[in-house]
file protein37.pdb (PDB, C-alpha atoms)
ATOM      1  CA  MET A   1       0.000   0.000   0.000
ATOM      2  CA  ASN A   2       1.196   3.519  -0.844
ATOM      3  CA  ILE A   3       0.341   6.121   1.801
ATOM      4  CA  LEU A   4       0.743   9.900   1.793
ATOM      5  CA  LEU A   5       0.932  11.201   5.364
ATOM      6  CA  THR A   6       0.545  14.675   6.847
ATOM      7  CA  GLY A   7       2.001  15.306  10.292
ATOM      8  CA  ALA A   8       4.671  12.690   9.594
ATOM      9  CA  GLY A   9       7.042  14.202  12.163
ATOM     10  CA  GLY A  10       4.514  14.184  15.012
ATOM     11  CA  LEU A  11       3.970  11.581  17.700
ATOM     12  CA  LEU A  12       1.273   9.700  15.811
ATOM     13  CA  GLY A  13       2.785  10.338  12.397
ATOM     14  CA  THR A  14       6.077   8.806  13.512
ATOM     15  CA  ALA A  15       4.216   5.730  14.760
ATOM     16  CA  VAL A  16       2.306   5.448  11.476
ATOM     17  CA  ARG A  17       5.557   5.522   9.509
ATOM     18  CA  GLY A  18       6.996   2.800  11.732
ATOM     19  CA  ALA A  19       3.884   0.630  11.491
ATOM     20  CA  ALA A  20       3.741   1.011   7.709
ATOM     21  CA  ALA A  21       7.412   0.123   7.333
ATOM     22  CA  ALA A  22       6.905  -3.009   9.454
ATOM     23  CA  ARG A  23       4.280  -4.151   6.938
ATOM     24  CA  GLY A  24       6.450  -3.351   3.951
ATOM     25  CA  TRP A  25       4.160  -0.490   2.937
ATOM     26  CA  HIS A  26       5.410   2.763   1.413
ATOM     27  CA  CYS A  27       4.573   5.830   3.534
ATOM     28  CA  ALA A  28       5.758   9.250   2.370
ATOM     29  CA  PRO A  29       5.387  12.602   4.152
ATOM     30  CA  PHE A  30       3.403  15.506   2.762
ATOM     31  CA  VAL A  31       4.969  18.717   4.031
ATOM     32  CA  ARG A  32       3.116  21.831   2.933
ATOM     33  CA  THR A  33       4.567  25.307   2.644
ATOM     34  CA  ALA A  34       2.379  28.437   2.835
ATOM     35  CA  LEU A  35      -1.339  27.704   3.053
ATOM     36  CA  PRO A  36      -2.223  29.604  -0.175
ATOM     37  CA  ASP A  37       0.116  27.245  -2.042
ATOM     38  CA  ALA A  38      -1.348  24.111  -0.459
ATOM     39  CA  PRO A  39      -4.025  23.288  -3.103
ATOM     40  CA  ALA A  40      -1.560  23.302  -6.008
ATOM     41  CA  GLN A  41       1.110  21.564  -3.969
ATOM     42  CA  LEU A  42      -1.365  18.901  -2.841
ATOM     43  CA  ALA A  43      -2.691  18.359  -6.371
ATOM     44  CA  ALA A  44       0.845  17.746  -7.611
ATOM     45  CA  ARG A  45       1.538  15.183  -4.883
ATOM     46  CA  LEU A  46      -1.793  13.418  -5.303
ATOM     47  CA  SER A  47      -1.133  12.981  -9.005
ATOM     48  CA  GLU A  48       1.756  10.663  -8.082
ATOM     49  CA  GLY A  49      -0.717   7.906  -7.246
ATOM     50  CA  TRP A  50      -1.588   6.877  -3.673
ATOM     51  CA  ASP A  51      -3.864   4.289  -2.153
ATOM     52  CA  LEU A  52      -4.541   6.264   1.012
ATOM     53  CA  VAL A  53      -3.957   9.723   2.468
ATOM     54  CA  ILE A  54      -3.699   9.941   6.258
ATOM     55  CA  HIS A  55      -4.202  13.447   7.610
ATOM     56  CA  ALA A  56      -2.597  13.441  11.061
ATOM     57  CA  ALA A  57      -1.330  17.030  11.113
ATOM     58  CA  ALA A  58      -3.181  19.367  13.491
ATOM     59  CA  ASN A  59      -2.971  22.341  15.777
ATOM     60  CA  THR A  60      -3.065  20.425  19.067
ATOM     61  CA  ASN A  61      -2.445  23.335  21.452
ATOM     62  CA  VAL A  62      -5.880  23.340  23.063
ATOM     63  CA  GLU A  63      -5.106  26.345  25.273
ATOM     64  CA  LEU A  64      -3.690  28.492  22.445
ATOM     65  CA  CYS A  65      -6.700  27.665  20.292
ATOM     66  CA  GLU A  66      -8.861  29.517  22.835
ATOM     67  CA  THR A  67      -6.789  32.703  22.546
ATOM     68  CA  ASP A  68      -6.159  32.459  18.787
ATOM     69  CA  PRO A  69      -9.198  30.745  17.274
ATOM     70  CA  SER A  70      -8.399  32.027  13.779
ATOM     71  CA  ALA A  71      -5.171  30.002  13.710
ATOM     72  CA  CYS A  72      -7.023  27.031  15.171
ATOM     73  CA  TYR A  73      -9.676  26.945  12.428
ATOM     74  CA  ARG A  74      -7.094  27.689   9.731
ATOM     75  CA  ASP A  75      -4.945  24.742  10.756
ATOM     76  CA  ASN A  76      -7.619  22.236  11.700
ATOM     77  CA  LEU A  77     -10.584  23.101   9.481
ATOM     78  CA  LEU A  78      -9.442  24.997   6.379
ATOM     79  CA  LEU A  79      -6.430  22.793   5.687
ATOM     80  CA  THR A  80      -8.567  19.687   6.157
ATOM     81  CA  GLU A  81     -11.160  21.050   3.719
ATOM     82  CA  LEU A  82      -8.439  21.540   1.117
ATOM     83  CA  ILE A  83      -7.052  18.048   1.630
ATOM     84  CA  ALA A  84     -10.500  16.433   1.546
ATOM     85  CA  ALA A  85     -11.417  18.246  -1.676
ATOM     86  CA  GLY A  86      -8.105  17.348  -3.286
ATOM     87  CA  CYS A  87      -8.439  13.678  -2.359
ATOM     88  CA  ALA A  88     -12.014  13.587  -3.679
ATOM     89  CA  ARG A  89     -10.941  15.034  -7.028
ATOM     90  CA  ALA A  90      -8.111  12.507  -7.255
ATOM     91  CA  GLY A  91     -10.315   9.606  -6.157
ATOM     92  CA  ILE A  92      -8.088   8.761  -3.183
ATOM     93  CA  LYS A  93      -9.389   7.546   0.175
ATOM     94  CA  LEU A  94      -8.734   9.902   3.104
ATOM     95  CA  LEU A  95      -8.324   8.918   6.754
ATOM     96  CA  TYR A  96      -8.645  11.891   9.103
ATOM     97  CA  VAL A  97      -7.346  11.782  12.682
ATOM     98  CA  SER A  98      -9.689  13.397  15.201
ATOM     99  CA  SER A  99     -10.200  13.294  18.969
ATOM    100  CA  THR A 100     -12.580  11.779  21.482
ATOM    101  CA  GLY A 101     -12.753  15.310  22.900
ATOM    102  CA  VAL A 102     -15.252  16.227  20.165
ATOM    103  CA  TYR A 103     -18.033  14.392  22.017
ATOM    104  CA  GLY A 104     -18.216  17.096  24.676
ATOM    105  CA  ALA A 105     -19.573  17.046  28.223
ATOM    106  CA  HIS A 106     -23.175  15.835  27.973
ATOM    107  CA  GLY A 107     -22.620  12.323  29.305
ATOM    108  CA  GLY A 108     -20.669  10.338  31.864
ATOM    109  CA  ALA A 109     -20.142   6.961  30.168
ATOM    110  CA  PRO A 110     -17.499   6.050  27.581
ATOM    111  CA  TRP A 111     -18.546   7.492  24.236
ATOM    112  CA  ARG A 112     -19.643   5.335  21.333
ATOM    113  CA  GLU A 113     -19.587   6.412  17.708
ATOM    114  CA  TYR A 114     -23.349   6.950  17.585
ATOM    115  CA  ASP A 115     -23.299   9.469  20.464
ATOM    116  CA  ALA A 116     -23.890  13.137  19.691
ATOM    117  CA  VAL A 117     -20.947  15.480  19.128
ATOM    118  CA  ARG A 118     -21.090  18.675  21.232
ATOM    119  CA  PRO A 119     -17.549  20.094  21.489
ATOM    120  CA  THR A 120     -16.771  22.509  24.323
ATOM    121  CA  THR A 121     -13.549  24.116  23.038
ATOM    122  CA  HIS A 122     -12.411  25.799  19.819
ATOM    123  CA  HIS A 123      -9.924  22.994  19.254
ATOM    124  CA  HIS A 124     -12.542  20.276  19.458
ATOM    125  CA  ARG A 125     -15.112  22.283  17.496
ATOM    126  CA  SER A 126     -12.572  22.774  14.693
ATOM    127  CA  LYS A 127     -11.953  19.016  14.659
ATOM    128  CA  ALA A 128     -15.676  18.228  14.619
ATOM    129  CA  LEU A 129     -16.274  20.606  11.706
ATOM    130  CA  ALA A 130     -13.337  19.077   9.858
ATOM    131  CA  GLU A 131     -14.828  15.603  10.400
ATOM    132  CA  GLU A 132     -18.004  16.761   8.667
ATOM    133  CA  ARG A 133     -16.054  18.054   5.661
ATOM    134  CA  VAL A 134     -14.082  14.809   5.362
ATOM    135  CA  LEU A 135     -17.157  12.577   5.446
ATOM    136  CA  ALA A 136     -19.071  14.835   3.039
ATOM    137  CA  ALA A 137     -16.213  14.903   0.515
ATOM    138  CA  HIS A 138     -16.340  11.190  -0.328
ATOM    139  CA  THR A 139     -18.317   8.190   0.919
ATOM    140  CA  ALA A 140     -15.133   6.096   1.209
ATOM    141  CA  ASN A 141     -13.462   8.398   3.740
ATOM    142  CA  LEU A 142     -12.676   7.559   7.350
ATOM    143  CA  VAL A 143     -12.615   9.582  10.574
ATOM    144  CA  VAL A 144     -10.665   8.087  13.474
ATOM    145  CA  ARG A 145     -11.185   9.506  16.972
ATOM    146  CA  THR A 146      -8.417   8.730  19.419
ATOM    147  CA  GLY A 147      -7.640   9.647  23.017
ATOM    148  CA  TRP A 148      -4.695  10.711  25.196
ATOM    149  CA  LEU A 149      -1.775   9.702  23.008
ATOM    150  CA  PHE A 150       1.554   8.629  24.467
ATOM    151  CA  GLY A 151       4.694   7.112  22.987
ATOM    152  CA  GLY A 152       7.686   8.126  20.921
ATOM    153  CA  ALA A 153      11.129   9.371  21.789
ATOM    154  CA  ALA A 154      11.753  10.734  25.286
ATOM    155  CA  GLN A 155      13.165  14.020  23.988
ATOM    156  CA  THR A 156       9.951  14.912  22.160
ATOM    157  CA  PRO A 157       8.624  18.014  23.995
ATOM    158  CA  LYS A 158       5.017  16.749  24.026
ATOM    159  CA  ASN A 159       5.939  13.284  25.337
ATOM    160  CA  PHE A 160       3.502  13.197  28.252
ATOM    161  CA  VAL A 161       5.026  10.143  29.935
ATOM    162  CA  ALA A 162       8.626  11.408  29.759
ATOM    163  CA  ARG A 163       7.599  14.844  31.028
ATOM    164  CA  ARG A 164       5.880  13.262  34.039
ATOM    165  CA  LEU A 165       9.109  11.384  34.779
ATOM    166  CA  ASP A 166      10.924  14.737  34.603
ATOM    167  CA  GLU A 167       8.383  16.224  36.978
ATOM    168  CA  ALA A 168       8.845  13.341  39.419
ATOM    169  CA  ARG A 169      12.626  13.768  39.334
ATOM    170  CA  THR A 170      12.232  17.469  40.102
ATOM    171  CA  VAL A 171      10.002  16.683  43.086
ATOM    172  CA  ILE A 172      12.561  14.199  44.405
ATOM    173  CA  ALA A 173      15.414  16.667  43.962
ATOM    174  CA  ASN A 174      13.736  19.848  45.162
ATOM    175  CA  GLY A 175      10.760  18.768  47.210
ATOM    176  CA  GLY A 176       7.248  19.951  46.485
ATOM    177  CA  THR A 177       4.124  18.139  45.423
ATOM    178  CA  MET A 178       3.137  16.304  42.280
ATOM    179  CA  ARG A 179      -0.531  16.841  41.464
ATOM    180  CA  SER A 180      -2.822  15.594  38.730
ATOM    181  CA  ASN A 181      -6.418  16.095  37.678
ATOM    182  CA  ALA A 182      -8.670  13.520  39.340
ATOM    183  CA  GLN A 183     -11.782  14.958  37.708
ATOM    184  CA  GLN A 184     -11.180  14.412  33.991
ATOM    185  CA  ARG A 185     -11.389  10.885  32.593
ATOM    186  CA  GLY A 186     -10.247   9.507  29.256
ATOM    187  CA  VAL A 187      -8.248   6.739  27.631
ATOM    188  CA  PRO A 188      -4.428   6.788  27.513
ATOM    189  CA  CYS A 189      -3.587   5.484  24.038
ATOM    190  CA  PHE A 190      -0.266   4.098  22.852
ATOM    191  CA  SER A 191       0.652   5.673  19.514
ATOM    192  CA  GLY A 192       1.919   2.367  18.113
ATOM    193  CA  ASP A 193      -1.366   0.600  18.854
ATOM    194  CA  VAL A 194      -3.415   3.441  17.374
ATOM    195  CA  ALA A 195      -1.223   3.580  14.261
ATOM    196  CA  ALA A 196      -1.614  -0.164  13.660
ATOM    197  CA  ARG A 197      -5.413   0.015  14.014
ATOM    198  CA  MET A 198      -5.516   3.034  11.676
ATOM    199  CA  LEU A 199      -3.640   1.126   8.995
ATOM    200  CA  ASP A 200      -5.991  -1.825   9.442
ATOM    201  CA  LEU A 201      -8.974   0.491   8.984
ATOM    202  CA  GLY A 202      -7.407   2.224   5.998
ATOM    203  CA  ALA A 203      -6.904  -1.087   4.230
ATOM    204  CA  SER A 204     -10.256  -2.604   5.243
ATOM    205  CA  GLY A 205     -12.637  -0.961   2.817
ATOM    206  CA  LEU A 206     -14.681   0.393   5.731
ATOM    207  CA  ALA A 207     -15.791   4.024   5.842
ATOM    208  CA  GLY A 208     -17.266   6.454   8.360
ATOM    209  CA  THR A 209     -16.338   7.311  11.938
ATOM    210  CA  PHE A 210     -14.471   4.959  14.266
ATOM    211  CA  ASN A 211     -13.228   5.362  17.825
ATOM    212  CA  CYS A 212      -9.645   4.144  18.065
ATOM    213  CA  VAL A 213      -8.556   3.823  21.683
ATOM    214  CA  ASN A 214      -6.850   1.305  23.924
ATOM    215  CA  SER A 215      -9.075  -0.653  26.301
ATOM    216  CA  GLY A 216      -9.904   0.686  29.758
ATOM    217  CA  THR A 217     -10.321   4.193  31.125
ATOM    218  CA  ALA A 218      -8.574   6.377  33.702
ATOM    219  CA  SER A 219      -8.599   9.763  35.322
ATOM    220  CA  ARG A 220      -5.568  11.934  34.624
ATOM    221  CA  HIS A 221      -4.589  11.262  38.235
ATOM    222  CA  GLU A 222      -4.782   7.493  37.808
ATOM    223  CA  TYR A 223      -2.800   7.778  34.592
ATOM    224  CA  VAL A 224       0.029   9.755  36.194
ATOM    225  CA  GLN A 225       0.020   7.455  39.223
ATOM    226  CA  ALA A 226       0.488   4.494  36.874
ATOM    227  CA  ILE A 227       3.380   6.220  35.097
ATOM    228  CA  VAL A 228       5.404   6.853  38.244
ATOM    229  CA  ARG A 229       4.536   3.464  39.777
ATOM    230  CA  LEU A 230       5.488   1.490  36.678
ATOM    231  CA  ALA A 231       8.704   3.497  36.426
ATOM    232  CA  GLY A 232       9.558   2.532  40.013
ATOM    233  CA  ILE A 233       9.581   6.104  41.302
ATOM    234  CA  ASP A 234       8.668   6.637  44.943
ATOM    235  CA  VAL A 235       6.644   9.841  44.592
ATOM    236  CA  ASP A 236       3.115  10.479  45.790
ATOM    237  CA  VAL A 237       0.801  11.934  43.173
ATOM    238  CA  MET A 238      -1.916  13.983  44.845
ATOM    239  CA  PRO A 239      -5.412  14.277  43.336
ATOM    240  CA  ALA A 240      -6.626  17.739  42.355
ATOM    241  CA  ASP A 241      -9.786  19.272  40.907
ATOM    242  CA  ALA A 242      -9.766  20.555  37.329
ATOM    243  CA  ALA A 243     -10.130  24.137  38.603
ATOM    244  CA  ALA A 244      -6.697  23.949  40.221
ATOM    245  CA  PHE A 245      -4.998  24.060  36.809
ATOM    246  CA  ASN A 246      -6.557  27.356  35.592
ATOM    247  CA  ARG A 247      -7.104  26.201  32.026
ATOM    248  CA  LYS A 248      -8.478  28.609  29.419
ATOM    249  CA  ALA A 249     -10.119  25.783  27.490
ATOM    250  CA  ALA A 250     -13.312  24.320  28.937
ATOM    251  CA  VAL A 251     -12.219  20.764  28.200
ATOM    252  CA  SER A 252     -14.817  18.096  28.949
ATOM    253  CA  ASP A 253     -14.337  15.991  32.058
ATOM    254  CA  ASN A 254     -15.364  12.977  29.971
ATOM    255  CA  GLU A 255     -13.073  12.046  27.072
ATOM    256  CA  MET A 256     -13.615   8.322  27.611
ATOM    257  CA  ALA A 257     -14.536   6.201  24.600
ATOM    258  CA  GLU A 258     -14.811   2.618  23.477
ATOM    259  CA  ASN A 259     -14.310   0.991  20.081
ATOM    260  CA  TRP A 260     -17.973   0.079  19.714
ATOM    261  CA  LYS A 261     -17.997  -0.194  15.923
ATOM    262  CA  CYS A 262     -14.935  -2.420  15.746
ATOM    263  CA  ASP A 263     -16.340  -4.549  18.568
ATOM    264  CA  GLN A 264     -19.617  -5.001  16.683
ATOM    265  CA  LEU A 265     -17.708  -5.955  13.534
ATOM    266  CA  GLY A 266     -15.779  -8.641  15.400
ATOM    267  CA  TRP A 267     -12.394  -6.947  15.384
ATOM    268  CA  PRO A 268     -10.027  -7.921  18.225
ATOM    269  CA  ALA A 269      -9.966  -5.614  21.229
ATOM    270  CA  MET A 270      -7.048  -3.216  21.487
ATOM    271  CA  ARG A 271      -4.921  -4.025  24.546
ATOM    272  CA  ASP A 272      -5.495  -2.373  27.901
ATOM    273  CA  TRP A 273      -3.761   0.979  28.240
ATOM    274  CA  ARG A 274      -1.925  -0.196  31.377
ATOM    275  CA  ALA A 275      -0.330  -3.088  29.487
ATOM    276  CA  ALA A 276       0.620  -0.731  26.661
ATOM    277  CA  LEU A 277       2.110   1.783  29.105
ATOM    278  CA  ALA A 278       4.126  -0.916  30.892
ATOM    279  CA  ALA A 279       5.492  -2.202  27.581
ATOM    280  CA  TYR A 280       6.438   1.322  26.517
ATOM    281  CA  LEU A 281       8.257   2.049  29.794
ATOM    282  CA  GLU A 282      10.048  -1.297  29.642
ATOM    283  CA  GLY A 283      10.868  -0.953  25.948
ATOM    284  CA  GLU A 284      11.509   2.266  24.047
ATOM    285  CA  LEU A 285      11.521   4.469  27.151
ATOM    286  CA  ALA A 286      13.610   2.090  29.310
ATOM    287  CA  PRO A 287      16.888   4.063  28.995
ATOM    288  CA  TYR A 288      15.084   7.229  30.092
ATOM    289  CA  VAL A 289      13.401   5.448  32.987
ATOM    290  CA  ALA A 290      16.798   4.149  34.122
ATOM    291  CA  ARG A 291      17.961   7.720  34.660
ATOM    292  CA  THR A 292      15.462   8.117  37.489
TER     293      THR A 292
END

call {"tool": "encode", "arguments": {"input": "protein37.pdb", "output": "structure tokens"}}
result
Amino acid sequence: MNILLTGAGGLLGTAVRGAAAARGWHCAPFVRTALPDAPAQLAARLSEGWDLVIHAAANTNVELCETDPSACYRDNLLLTELIAAGCARAGIKLLYVSSTGVYGAHGGAPWREYDAVRPTTHHHRSKALAEERVLAAHTANLVVRTGWLFGGAAQTPKNFVARRLDEARTVIANGGTMRSNAQQRGVPCFSGDVAARMLDLGASGLAGTFNCVNSGTASRHEYVQAIVRLAGIDVDVMPADAAAFNRKAAVSDNEMAENWKCDQLGWPAMRDWRAALAAYLEGELAPYVART
């Protein structure tokens, strides 16, 4: 399979490239320049012949999206519209990466794909609008909603697990308290597992919207507790309310989801997030953990 990938240098994009290579598939990055040049640039790349386009690039700074919504909708909605239109003209299937955060705050159970979408932030609204454009552009297209991604190299600035290890080391060295949100719940998702499921979906002939998350759920507090415990760090992580973090974005307290569609179709369950986290800490992140 020949795949054109946006966001190839990001956490998920890196995992997609690795998963594709492991299958012997060709996966090439699409790196755009200025947005006004994107349609012509995209048309030229799409003419090279691809089986699938994966659009994983996004403005993921949820807080900044609240203070600069224009940039948020430019990056997450307008660019996606251009890509979806280009793929439709070229007759190429598009897989768009979205977020379980689009569901909003109107329920307390893990979201299923048939639940209503009521986003509470500019970031998640821009993603929800982009989903609509992708699905309207071609009936073969896919939208994949994933959760709290982790994985990748330790030095990556947005590596949540590595940064929590850094925080724990600072607490050990300087004293203080490590706190985490006990109010918000979601699904920690290993980028390698999500990437593999995305490739399976892209090659399956299925279309529409699919949740793509590891099994199980957790609060942010439980997630961080698991990180430090599995890393063997003797630091107490104290629970805190969401209000203690003074966020600009009114992020939903419920970003939990389950892979209802895949379950109904008889696909195997994705592994529990705790097992995935343990494997990550014992594998790729092991040298960084050893520094603790």

call {"tool": "closest_residue", "arguments": {"input": "protein37.pdb", "among": "A:Ala38, A:His138, A:Ala226, A:Val235", "to": "A:Arg89", "atoms": "all atoms listed in the file"}}
result
A:His138

call {"tool": "resolve_selection", "arguments": {"input": "protein37.pdb", "expression": "the PyMOL selection byres ((chain A and resi 63-70) around 8)", "output": "PyMOL selection string"}}
result
chain A and resi 59+61-62+71-74+121-123+247-249

call {"tool": "closest_residue", "arguments": {"input": "protein37.pdb", "among": "A:Arg23, A:Val134, A:Ser99, A:Ala40", "to": "A:Leu78", "atoms": "only C-alpha atoms"}}
result
A:Val134

call {"tool": "resolve_selection", "arguments": {"input": "protein37.pdb", "expression": "the PyMOL selection byres ((chain A and resi 12-19) around 10)", "output": "PyMOL selection string"}}
result
chain A and resi 3+5-11+20-29+54-57+97+149-153+190-199

call {"tool": "closest_residue", "arguments": {"input": "protein37.pdb", "among": "A:Leu77, A:Leu135, A:Ala242, A:Leu277", "to": "A:Gln184", "atoms": "only C-alpha atoms"}}
result
A:Ala242

call {"tool": "atom_distance", "arguments": {"input": "protein37.pdb", "atom1": "atom CA of A:Trp267", "atom2": "atom CA of A:Gly147"}}
result
18.9 Å

call {"tool": "closest_atom_pairs", "arguments": {"input": "protein37.pdb", "of": "stretch 233-264 of chain A", "to": "stretch 164-172 of chain A", "cutoff": "12 Å", "atoms": "only C-alpha atoms", "output": "CSV"}}
result
residue,atom,partner,partner_atom,distance
A:Ile233,CA,A:Ala168,CA,7.5
A:Asp234,CA,A:Ile172,CA,8.5
A:Val235,CA,A:Ala168,CA,6.6
A:Asp236,CA,A:Ala168,CA,9.0
A:Val237,CA,A:Ala168,CA,9.0

call {"tool": "residues_around", "arguments": {"input": "protein37.pdb", "residues": "A:Thr100", "least_positions_apart": "4", "cutoff": "8 Å", "atoms": "all atoms listed in the file", "output": "JSON, numbers by chain"}}
result
{"A": [111, 145, 146, 147, 211, 255, 256, 257]}

call {"tool": "atom_distance", "arguments": {"input": "protein37.pdb", "atom1": "atom CA of A:Met1", "atom2": "atom CA of A:Thr139"}}
result
20.1 Å

call {"tool": "closest_residue", "arguments": {"input": "protein37.pdb", "among": "A:Ser252, A:Asn181, A:Ser215, A:Ser126", "to": "A:Met270", "atoms": "all atoms listed in the file"}}
result
A:Ser215
